[in-house]
Amino acid sequence: QKEVEQDPGPLSVPEGAIVSLNCTYSNSAFQYFMWYRQYSRKGPELLMYTYSSGNKEDGRFTAQVDKSSKYISLFIRDSQPSDSATYLCAMSVIQGAQKLVFGQGTRLTINP
Amino acid sequence: DAGITQSPRHKVTETGTPVTLRCHQTENHRYMYWYRQDPGHGLRLIHYSYGVKDTDKGEVSDGYSVSRSKTEDFLLTLESATSSQTSVYFCAISRDTLYEQYFGPGTRLTVT
């Protein structure tokens, strides 16, 4: 079993819809949770990060962490065609490690 | 893009030949990473460096070696390339915080 599980999709929604992307994990030591966005043929770019549990909002994006369920989510409101990309979740333990564990990514398409 | 370049961007090589990929940064960041990205596996860490001549293994280090003789350059070497090493290779850098990794544009390697 992988440490981090992410549905690869593909996920296709109409413009303006609310998108929900999710990851589950098995390592309870994870403390930092991140979402990266990767456009086709490009490197990933950090979108949001959250420490421990709770919510974090940045414009149309909201990241949620539920450590009791080992479940994290990224919500995109008022989705735009420019949001079409692959979204990867990533996690790390709090100390001593310089290693991120990534999910396999969810391919998202926003249809105009 | 952060000041990260990778070379070459595309390479086709034959099984058994040595291959070296180069990552160059202009940000003077301490940490540098090599990942590979494959369908169904997401991004997996190969090796990372926490300073000049200081390196450590990642999740999938077998068959790979690295060197860092200058802050700005991190080399990944496949001593004897195999078809299983066909992948897209990404270099990343970070100043000190693990989660804020900035990725390069990637190198697409095909081993025939």
# chains A, B, ... in the order shown; residues from 1 in each chain; ligands from 1

call {"tool": "interface_residues", "arguments": {"of": "chain A", "to": "chain B", "cutoff": "8 Å", "atoms": "only C-alpha atoms", "output": "PyMOL selection string"}}
result
chain A and resi 8+32+34+41-46+49+88+92+98-105

call {"tool": "select_by_dssp", "arguments": {"residues": "chain B", "states": "strand (DSSP E or B)", "output": "VMD selection string"}}
result
chain B and resid 4 to 7 10 to 13 19 to 25 31 to 38 42 to 51 54 to 57 64 to 70 73 to 78 87 to 94 102 to 103 107 to 111

call {"tool": "closest_residue", "arguments": {"among": "A:Cys89, A:Ser52, A:Asn27, A:Asn111", "to": "A:Gln6", "atoms": "only C-alpha atoms"}}
result
A:Cys89

call {"tool": "atom_distance", "arguments": {"atom1": "atom CA of B:Ser65", "atom2": "atom CA of B:Ile4"}}
result
20.2 Å
